[in-house]
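Next comes query02.cif, a file with mmCIF, C-alpha atoms.
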```
data_start
#
loop_
_atom_site.group_PDB
_atom_site.id
_atom_site.type_symbol
_atom_site.label_atom_id
_atom_site.label_comp_id
_atom_site.auth_asym_id
_atom_site.auth_seq_id
_atom_site.Cartn_x
_atom_site.Cartn_y
_atom_site.Cartn_z
ATOM 1 C CA MET M 293 101.144 96.387 68.880
ATOM 2 C CA SER M 294 102.245 93.794 66.331
ATOM 3 C CA ILE M 295 98.576 93.043 65.545
ATOM 4 C CA ILE M 296 98.039 96.696 64.658
ATOM 5 C CA GLY M 297 101.142 96.559 62.475
ATOM 6 C CA ASP M 298 99.843 93.405 60.763
ATOM 7 C CA ILE M 299 96.400 94.933 60.141
ATOM 8 C CA LEU M 300 97.828 98.143 58.697
ATOM 9 C CA ALA M 301 100.340 96.229 56.568
ATOM 10 C CA THR M 302 97.570 93.987 55.225
ATOM 11 C CA THR M 303 95.322 96.918 54.338
ATOM 12 C CA ARG M 304 98.235 98.598 52.598
ATOM 13 C CA ASP M 305 99.977 95.757 50.775
ATOM 14 C CA ASP M 306 97.724 92.750 50.710
ATOM 15 C CA THR M 307 94.102 93.684 50.039
ATOM 16 C CA PRO M 308 92.187 91.318 47.728
ATOM 17 C CA ASP M 309 90.750 94.229 45.702
ATOM 18 C CA GLU M 310 90.729 98.035 45.590
ATOM 19 C CA THR M 311 87.661 98.377 47.801
ATOM 20 C CA GLY M 312 89.710 97.267 50.804
ATOM 21 C CA ALA M 313 89.990 94.278 53.124
ATOM 22 C CA SER M 314 86.992 92.665 54.812
ATOM 23 C CA VAL M 315 86.918 91.822 58.524
ATOM 24 C CA THR M 316 87.066 88.107 57.726
ATOM 25 C CA TYR M 317 90.142 88.623 55.569
ATOM 26 C CA LEU M 318 91.840 90.679 58.300
ATOM 27 C CA ILE M 319 90.993 88.079 60.964
ATOM 28 C CA ARG M 320 92.714 85.435 58.852
ATOM 29 C CA LYS M 321 95.783 87.602 58.199
ATOM 30 C CA ALA M 322 96.207 88.936 61.772
ATOM 31 C CA ASN M 323 95.133 85.663 63.397
ATOM 32 C CA VAL M 324 92.915 87.213 66.103
ATOM 33 C CA SER M 325 89.330 86.693 67.242
ATOM 34 C CA HIS M 326 86.384 88.599 65.778
ATOM 35 C CA SER M 327 85.581 90.427 69.029
ATOM 36 C CA ARG M 328 89.184 91.533 69.464
ATOM 37 C CA ILE M 329 89.704 92.704 65.906
ATOM 38 C CA SER M 330 86.401 94.610 65.989
ATOM 39 C CA LYS M 331 87.671 96.732 68.909
ATOM 40 C CA ILE M 332 91.041 97.268 67.240
ATOM 41 C CA LEU M 333 89.451 98.258 63.923
ATOM 42 C CA GLU M 334 87.119 100.674 65.710
ATOM 43 C CA THR M 335 90.104 102.312 67.413
ATOM 44 C CA LEU M 336 92.109 102.491 64.184
ATOM 45 C CA VAL M 337 89.182 104.134 62.359
ATOM 46 C CA GLN M 338 88.694 106.587 65.240
ATOM 47 C CA GLN M 339 92.396 107.449 65.129
ATOM 48 C CA GLY M 340 92.184 108.040 61.392
ATOM 49 C CA LEU M 341 94.617 105.258 60.512
ATOM 50 C CA LEU M 342 92.020 103.235 58.623
ATOM 51 C CA GLU M 343 89.110 104.274 56.408
ATOM 52 C CA GLN M 344 85.903 102.310 56.688
ATOM 53 C CA MET M 345 84.354 101.579 53.266
ATOM 54 C CA THR M 346 80.714 100.564 53.652
ATOM 55 C CA SER M 347 79.263 98.608 50.754
ATOM 56 C CA GLU M 348 76.075 96.611 50.234
ATOM 57 C CA ARG M 349 77.687 93.327 51.222
ATOM 58 C CA ALA M 350 80.046 94.181 54.097
ATOM 59 C CA CYS M 351 82.320 96.686 55.793
ATOM 60 C CA LYS M 352 85.750 96.928 54.260
ATOM 61 C CA TYR M 353 88.832 98.751 55.473
ATOM 62 C CA LYS M 354 91.511 100.717 53.608
ATOM 63 C CA ILE M 355 94.605 102.322 55.023
ATOM 64 C CA SER M 356 94.587 106.140 55.190
ATOM 65 C CA GLN M 357 97.508 108.470 54.504
ATOM 66 C CA LYS M 358 97.946 108.882 58.273
ATOM 67 C CA GLY M 359 97.936 105.095 58.567
ATOM 68 C CA ARG M 360 100.682 104.816 55.964
ATOM 69 C CA GLU M 361 102.813 107.313 57.879
ATOM 70 C CA PHE M 362 102.157 105.490 61.140
ATOM 71 C CA LEU M 363 103.061 102.137 59.583
ATOM 72 C CA GLN M 364 106.336 103.545 58.254
ATOM 73 C CA ALA M 365 107.188 104.965 61.701
ATOM 74 C CA TYR M 366 106.109 101.734 63.399
ATOM 75 C CA ARG M 367 108.441 99.696 61.191
ATOM 76 C CA GLY M 368 111.333 102.033 61.973
ATOM 77 C CA PHE M 369 110.745 101.734 65.714
ATOM 78 C CA ARG M 370 110.262 97.963 65.452
ATOM 79 C CA GLU M 371 113.660 97.815 63.727
ATOM 80 C CA PHE M 372 115.083 99.938 66.547
ATOM 81 C CA ALA M 373 113.658 97.611 69.232
ATOM 82 C CA ASP M 374 114.885 94.585 67.248
ATOM 83 C CA THR M 375 118.459 95.848 67.472
ATOM 84 C CA PHE M 376 118.184 95.597 71.256
ATOM 85 C CA GLY M 377 116.765 92.104 70.946
ATOM 86 C CA LEU M 378 113.373 93.384 72.095
ATOM 87 C CA ARG M 379 109.865 93.352 70.664
ATOM 88 C CA ILE M 380 107.906 96.552 70.330
ATOM 89 C CA MET P 135 145.487 112.259 80.914
ATOM 90 C CA GLU P 136 143.102 110.403 83.221
ATOM 91 C CA PHE P 137 140.879 113.473 83.493
ATOM 92 C CA VAL P 138 140.821 114.015 79.730
ATOM 93 C CA LEU P 139 139.809 110.380 79.095
ATOM 94 C CA GLU P 140 137.104 110.551 81.758
ATOM 95 C CA ILE P 141 135.743 113.792 80.282
ATOM 96 C CA ILE P 142 135.687 112.264 76.760
ATOM 97 C CA LEU P 143 134.078 109.019 77.997
ATOM 98 C CA ASN P 144 131.358 110.750 79.986
ATOM 99 C CA LEU P 145 130.611 113.268 77.237
ATOM 100 C CA ILE P 146 130.240 110.450 74.674
ATOM 101 C CA GLY P 147 128.076 108.521 77.118
ATOM 102 C CA PHE P 148 125.887 111.564 77.677
ATOM 103 C CA VAL P 149 125.452 112.255 73.940
ATOM 104 C CA VAL P 150 124.902 108.617 72.866
ATOM 105 C CA GLY P 151 122.474 107.967 75.733
ATOM 106 C CA LEU P 152 120.571 111.171 75.009
ATOM 107 C CA ALA P 153 120.305 110.428 71.270
ATOM 108 C CA ILE P 154 119.011 106.884 71.810
ATOM 109 C CA GLY P 155 116.765 108.021 74.679
ATOM 110 C CA ILE P 156 115.145 110.777 72.610
ATOM 111 C CA PHE P 157 114.629 108.380 69.698
ATOM 112 C CA ALA P 158 113.014 105.808 72.002
ATOM 113 C CA HIS P 159 110.836 108.553 73.524
ATOM 114 C CA VAL P 160 109.633 109.671 70.093
ATOM 115 C CA GLY P 161 108.852 106.022 69.352
ATOM 116 C CA PHE P 162 106.936 105.686 72.611
ATOM 117 C CA LYS P 163 104.925 108.857 71.934
ATOM 118 C CA SER P 164 104.083 107.628 68.438
ATOM 119 C CA THR P 165 103.269 103.998 69.178
ATOM 120 C CA GLY P 166 102.591 103.797 72.931
ATOM 121 C CA SER P 167 104.875 100.752 73.132
ATOM 122 C CA PRO P 168 105.904 99.857 76.741
ATOM 123 C CA THR P 169 109.188 98.457 75.410
ATOM 124 C CA LEU P 170 110.094 101.839 73.974
ATOM 125 C CA PHE P 171 109.033 103.482 77.257
ATOM 126 C CA ARG P 172 111.469 101.271 79.181
ATOM 127 C CA LEU P 173 114.226 101.993 76.643
ATOM 128 C CA THR P 174 113.480 105.719 77.050
ATOM 129 C CA ILE P 175 113.945 105.507 80.827
ATOM 130 C CA ALA P 176 117.025 103.310 80.370
ATOM 131 C CA PHE P 177 118.901 105.554 77.963
ATOM 132 C CA LEU P 178 117.855 108.855 79.505
ATOM 133 C CA SER P 179 119.105 107.503 82.864
ATOM 134 C CA ILE P 180 122.361 106.408 81.236
ATOM 135 C CA SER P 181 122.690 109.837 79.643
ATOM 136 C CA ILE P 182 121.940 111.708 82.886
ATOM 137 C CA GLY P 183 124.365 109.464 84.814
ATOM 138 C CA PHE P 184 127.223 110.102 82.386
ATOM 139 C CA GLY P 185 126.230 113.788 82.325
ATOM 140 C CA VAL P 186 126.461 114.086 86.109
ATOM 141 C CA VAL P 187 129.968 112.570 86.167
ATOM 142 C CA TRP P 188 130.990 114.741 83.195
ATOM 143 C CA ILE P 189 129.813 117.860 85.047
ATOM 144 C CA GLY P 190 131.749 116.637 88.095
ATOM 145 C CA TYR P 191 134.972 116.304 86.096
ATOM 146 C CA MET P 192 134.441 119.625 84.313
ATOM 147 C CA ALA P 193 133.755 121.392 87.621
ATOM 148 C CA GLU P 194 136.899 119.835 89.079
ATOM 149 C CA SER P 195 139.138 120.795 86.159
ATOM 150 C CA LEU P 196 137.706 124.316 85.722
ATOM 151 C CA ILE P 197 136.674 125.449 89.220
ATOM 152 C CA ILE P 198 137.618 123.211 92.171
ATOM 153 C CA HIS P 199 141.194 122.146 91.219
ATOM 154 C CA GLU P 200 141.596 119.529 93.984
ATOM 155 C CA GLY P 201 142.975 116.948 91.566
ATOM 156 C CA LYS P 202 140.101 114.552 92.219
ATOM 157 C CA ILE P 203 136.403 114.498 91.403
ATOM 158 C CA VAL P 204 134.043 114.927 94.376
ATOM 159 C CA PRO P 205 133.319 111.291 95.395
ATOM 160 C CA TRP P 206 129.548 111.638 95.899
ATOM 161 C CA VAL P 207 129.170 113.135 92.420
ATOM 162 C CA GLN P 208 130.877 110.079 90.893
ATOM 163 C CA THR P 209 128.734 107.735 93.022
ATOM 164 C CA LEU P 210 125.541 109.598 92.115
ATOM 165 C CA GLY P 211 126.371 109.476 88.391
ATOM 166 C CA ILE P 212 127.233 105.780 88.441
ATOM 167 C CA GLY P 213 124.064 105.101 90.452
ATOM 168 C CA ILE P 214 121.850 106.845 87.888
ATOM 169 C CA THR P 215 123.631 105.018 85.039
ATOM 170 C CA THR P 216 123.027 101.714 86.837
ATOM 171 C CA VAL P 217 119.285 102.465 86.920
ATOM 172 C CA GLY P 218 119.526 102.731 83.127
ATOM 173 C CA TYR P 219 121.314 99.381 82.853
ATOM 174 C CA PHE P 220 118.642 97.907 85.107
ATOM 175 C CA PHE P 221 115.885 98.958 82.715
ATOM 176 C CA ILE P 222 117.743 97.415 79.746
ATOM 177 C CA ALA P 223 118.044 94.158 81.689
ATOM 178 C CA PHE P 224 114.439 94.492 82.908
ATOM 179 C CA SER P 225 113.273 94.814 79.326
ATOM 180 C CA HIS P 226 114.730 91.385 78.677
ATOM 181 C CA SER P 227 112.786 90.101 81.702
ATOM 182 C CA ILE P 228 114.409 90.063 85.098
ATOM 183 C CA LYS P 229 113.132 86.603 86.009
ATOM 184 C CA SER P 230 116.533 84.912 85.801
ATOM 185 C CA PHE P 231 118.393 87.693 87.625
ATOM 186 C CA PHE P 232 118.639 85.784 90.897
ATOM 187 C CA PRO P 233 118.931 82.155 89.854
ATOM 188 C CA LYS P 234 118.766 79.380 92.452
ATOM 189 C CA SER P 235 121.827 77.607 91.137
ATOM 190 C CA ARG P 236 124.560 77.422 93.769
ATOM 191 C CA TYR P 237 127.212 77.390 91.091
ATOM 192 C CA PHE P 238 125.942 80.660 89.640
ATOM 193 C CA LYS P 239 125.700 82.226 93.090
ATOM 194 C CA SER P 240 129.312 81.300 93.706
ATOM 195 C CA ILE P 241 130.269 83.459 90.752
ATOM 196 C CA ILE P 242 127.959 86.370 91.491
ATOM 197 C CA VAL P 243 128.270 86.711 95.269
ATOM 198 C CA PRO P 244 132.005 87.584 95.335
ATOM 199 C CA LEU P 245 131.335 90.531 93.048
ATOM 200 C CA PHE P 246 129.217 91.999 95.848
ATOM 201 C CA VAL P 247 131.359 90.886 98.758
ATOM 202 C CA ILE P 248 134.895 91.861 97.682
ATOM 203 C CA PRO P 249 134.277 95.558 97.166
ATOM 204 C CA GLY P 250 131.845 95.728 100.089
ATOM 205 C CA ASN P 251 133.589 98.715 101.671
ATOM 206 C CA SER P 252 132.530 101.146 99.002
ATOM 207 C CA ILE P 253 129.094 102.098 97.720
ATOM 208 C CA GLU P 254 130.602 103.103 94.380
ATOM 209 C CA HIS P 255 132.114 99.659 93.830
ATOM 210 C CA ILE P 256 128.928 97.905 94.871
ATOM 211 C CA ILE P 257 127.047 99.961 92.274
ATOM 212 C CA ARG P 258 129.720 99.130 89.686
ATOM 213 C CA SER P 259 129.239 95.440 90.456
ATOM 214 C CA ILE P 260 125.487 95.750 89.958
ATOM 215 C CA SER P 261 126.108 97.590 86.661
ATOM 216 C CA PHE P 262 128.412 94.786 85.559
ATOM 217 C CA ILE P 263 125.824 92.098 86.289
ATOM 218 C CA LEU P 264 123.024 94.006 84.572
ATOM 219 C CA LEU P 265 125.200 94.662 81.528
ATOM 220 C CA ILE P 266 126.226 91.013 81.283
ATOM 221 C CA TYR P 267 122.583 89.991 81.511
ATOM 222 C CA GLY P 268 121.634 92.469 78.776
ATOM 223 C CA THR P 269 124.557 91.265 76.636
ATOM 224 C CA ILE P 270 123.583 87.602 76.928
ATOM 225 C CA GLU P 271 119.933 88.293 76.122
ATOM 226 C CA THR P 272 120.898 90.452 73.139
ATOM 227 C CA ILE P 273 123.252 87.745 71.831
ATOM 228 C CA MET P 274 120.421 85.236 72.151
ATOM 229 C CA SER P 275 118.194 87.582 70.147
ATOM 230 C CA TYR P 276 120.938 87.831 67.542
ATOM 231 C CA MET P 277 120.978 84.046 67.288
ATOM 232 C CA GLU P 278 117.279 84.271 66.378
ATOM 233 C CA ASN P 279 117.137 87.278 64.065
ATOM 234 C CA ARG P 280 120.746 87.327 62.714
ATOM 235 C CA LYS P 281 120.628 91.085 62.337
ATOM 236 C CA GLY P 282 124.014 92.763 62.153
ATOM 237 C CA SER P 283 122.813 95.776 64.139
ATOM 238 C CA THR P 284 121.840 93.513 67.056
ATOM 239 C CA ILE P 285 125.390 92.234 67.366
ATOM 240 C CA PHE P 286 126.592 95.860 67.583
ATOM 241 C CA VAL P 287 124.294 96.406 70.577
ATOM 242 C CA ALA P 288 125.439 93.135 72.151
ATOM 243 C CA SER P 289 129.091 94.129 71.606
ATOM 244 C CA GLY P 290 128.417 97.604 73.018
ATOM 245 C CA LEU P 291 126.807 96.248 76.178
ATOM 246 C CA GLY P 292 129.537 93.601 76.476
ATOM 247 C CA LEU P 293 132.315 96.167 76.169
ATOM 248 C CA LEU P 294 130.609 98.413 78.735
ATOM 249 C CA ALA P 295 130.445 95.391 81.046
ATOM 250 C CA LEU P 296 134.134 94.624 80.469
ATOM 251 C CA GLY P 297 134.958 98.293 81.062
ATOM 252 C CA GLU P 298 133.011 98.255 84.346
ATOM 253 C CA PHE P 299 134.778 95.063 85.398
ATOM 254 C CA LEU P 300 138.241 96.420 84.588
ATOM 255 C CA GLY P 301 137.351 99.697 86.320
ATOM 256 C CA TRP P 302 136.325 97.769 89.424
ATOM 257 C CA TYR P 303 139.391 95.521 89.206
ATOM 258 C CA SER P 304 141.760 98.468 88.822
ATOM 259 C CA VAL P 305 141.126 99.156 92.523
ATOM 260 C CA VAL P 306 143.317 96.117 93.186
ATOM 261 C CA PHE P 307 146.107 97.543 91.008
ATOM 262 C CA PRO P 308 145.843 101.334 91.430
ATOM 263 C CA GLY P 309 147.854 103.413 88.984
ATOM 264 C CA SER P 310 148.167 100.586 86.466
ATOM 265 C CA LEU P 311 147.123 100.554 82.808
ATOM 266 C CA LEU P 312 143.906 98.778 83.740
ATOM 267 C CA TYR P 313 142.079 102.024 84.428
ATOM 268 C CA PHE P 314 142.928 103.509 81.018
ATOM 269 C CA ILE P 315 141.991 100.256 79.294
ATOM 270 C CA SER P 316 138.707 100.329 81.230
ATOM 271 C CA ILE P 317 137.815 103.839 80.018
ATOM 272 C CA SER P 318 138.920 103.115 76.434
ATOM 273 C CA THR P 319 136.838 99.930 76.404
ATOM 274 C CA LYS P 320 133.770 101.831 77.578
ATOM 275 C CA ILE P 321 134.268 104.505 74.904
ATOM 276 C CA VAL P 322 134.389 101.802 72.196
ATOM 277 C CA GLY P 323 131.314 100.171 73.757
ATOM 278 C CA LEU P 324 129.337 103.404 73.628
ATOM 279 C CA GLY P 325 130.407 103.825 70.008
ATOM 280 C CA ALA P 326 129.096 100.345 69.204
ATOM 281 C CA LEU P 327 125.763 101.204 70.857
ATOM 282 C CA ALA P 328 125.492 104.297 68.666
ATOM 283 C CA VAL P 329 125.975 102.354 65.409
ATOM 284 C CA PRO P 330 122.501 100.737 65.127
ATOM 285 C CA ILE P 331 120.595 103.987 65.598
ATOM 286 C CA SER P 332 122.460 105.454 62.628
ATOM 287 C CA LYS P 333 121.120 102.556 60.523
ATOM 288 C CA VAL P 334 117.451 102.959 61.455
ATOM 289 C CA PRO P 335 115.573 104.204 58.370
ATOM 290 C CA LEU P 336 114.483 107.621 59.633
ATOM 291 C CA MET P 337 114.191 109.197 56.200
ATOM 292 C CA GLY P 338 110.654 110.231 55.425
ATOM 293 C CA MET P 339 109.389 109.170 58.840
ATOM 294 C CA LYS P 340 106.639 111.384 60.201
ATOM 295 C CA PHE P 341 105.672 111.303 63.837
ATOM 296 C CA GLY P 342 102.138 111.966 64.953
ATOM 297 C CA GLY P 343 100.277 111.648 68.240
ATOM 298 C CA SER P 344 100.081 108.467 70.244
ATOM 299 C CA LEU P 345 97.770 105.682 69.190
#
```
Can the structure in the file be given as structure tokens, please?
Amino acid sequence: MSIIGDILATTRDDTPDETGASVTYLIRKANVSHSRISKILETLVQQGLLEQMTSERACKYKISQKGREFLQAYRGFREFADTFGLRI
Amino acid sequence: MEFVLEIILNLIGFVVGLAIGIFAHVGFKSTGSPTLFRLTIAFLSISIGFGVVWIGYMAESLIIHEGKIVPWVQTLGIGITTVGYFFIAFSHSIKSFFPKSRYFKSIIVPLFVIPGNSIEHIIRSISFILLIYGTIETIMSYMENRKGSTIFVASGLGLLALGEFLGWYSVVFPGSLLYFISISTKIVGLGALAVPISKVPLMGMKFGGSL
């Protein structure tokens, strides 16, 4: 769950340019393997939380409006779990 | 006076538990987090447990008029509430619930043995242990994150534990102030549990389907 939060937060706040974040960049930020992040990114695109931007060089990912709303809710619930000393 | 305090305590417990339980459920539906699922079960159980006892007291004061709540209703309510406390403790990992230390056992075992003649008091003892466990784990989390809202939860669970202990101990001194102190302590504890949820930034939050 926290990996998803990290990926969405990176694509919202920390992209290197306006075209979005590359897989390599996201791997470095979320600190997960390529195979694992590929599955997560596929799910997030399917769920409409991320937008896949295909360019000549590589696939890049940008957060969607639904992703922004999810990230805001996720942070609220993470805060809620934190108050109980738990991790979401 | 005793009836009024019990009705207030159980109504507050029902409302606070329901509010936190619904919030955790919405979180679970939105994020699919198992932690939030366990908190949903925990607080809905706590709410239902307090609700059952509240209904018992209301039925007694409005319909039955025997001067005492039906014992099995009280036991059922406390039992359901204990399930809720179990899930809070379980969320913090139950691995150290039955430690091998003889010293620790010497503290825990009497809590089960002394009130062994009553199911209600056994359940109260279990509630006390689970609440203490949850309190300790929450305090340890506070030591890590230093969030003010976490200390409210720790205080709430601690006060509920103290209330349970005093309620159990008041059996030894029936008719004393201990019982009223026990109920008052639990009311304050429930209030402390309700504080953090009021601080969660809900403004502008939109909830969609599960991930």
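Across the chains present, the PyMOL selection byres ((chain M and resi 295) around 9) applied to this file returns M:Met293, M:Ser294, M:Ile296, M:Gly297, M:Asp298, M:Ile299, M:Leu300, M:Ala322, M:Asn323, M:Val324, M:Ile329, M:Ile332.
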- Can you give me, as a ChimeraX atom specification, the residues this file yields under the PyMOL selection byres ((chain M) within 9 of (chain P))? /M:293,335-336,339,358,361-362,364-369,371-380
- Message: Selection in question (the file shown): the PyMOL selection byres ((chain M and resi 344) around 10). Which residues does it include, as a count of residues only?
- Response: 22
- Task: Please measure the separation of atom CA of P:Gly190 and atom CA of P:Ile141, giving the value in Å to one decimal.
- Result: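 Computing it gives 9.2 Å between the two atoms.
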- Message: as an MDAnalysis selection string, please: the residues near P:Ser179 (cut-off 7 Å, all atoms listed in the file, same-chain neighbours under 4 positions excluded).
- Response: chainID P and resid 175 183 214:215 217:218
- Item | Residue neighbourhood P:Ile317, 12 Å, only C-alpha atoms, exclusion window fewer than 2 positions, as a VMD selection string | chain P and resid 135 to 144 146 to 147 293 to 302 304 311 to 315 319 to 324
- Item | Atomic separation - atom CA of P:Phe262 relative to atom CA of P:Val329, Å | 21.7 Å
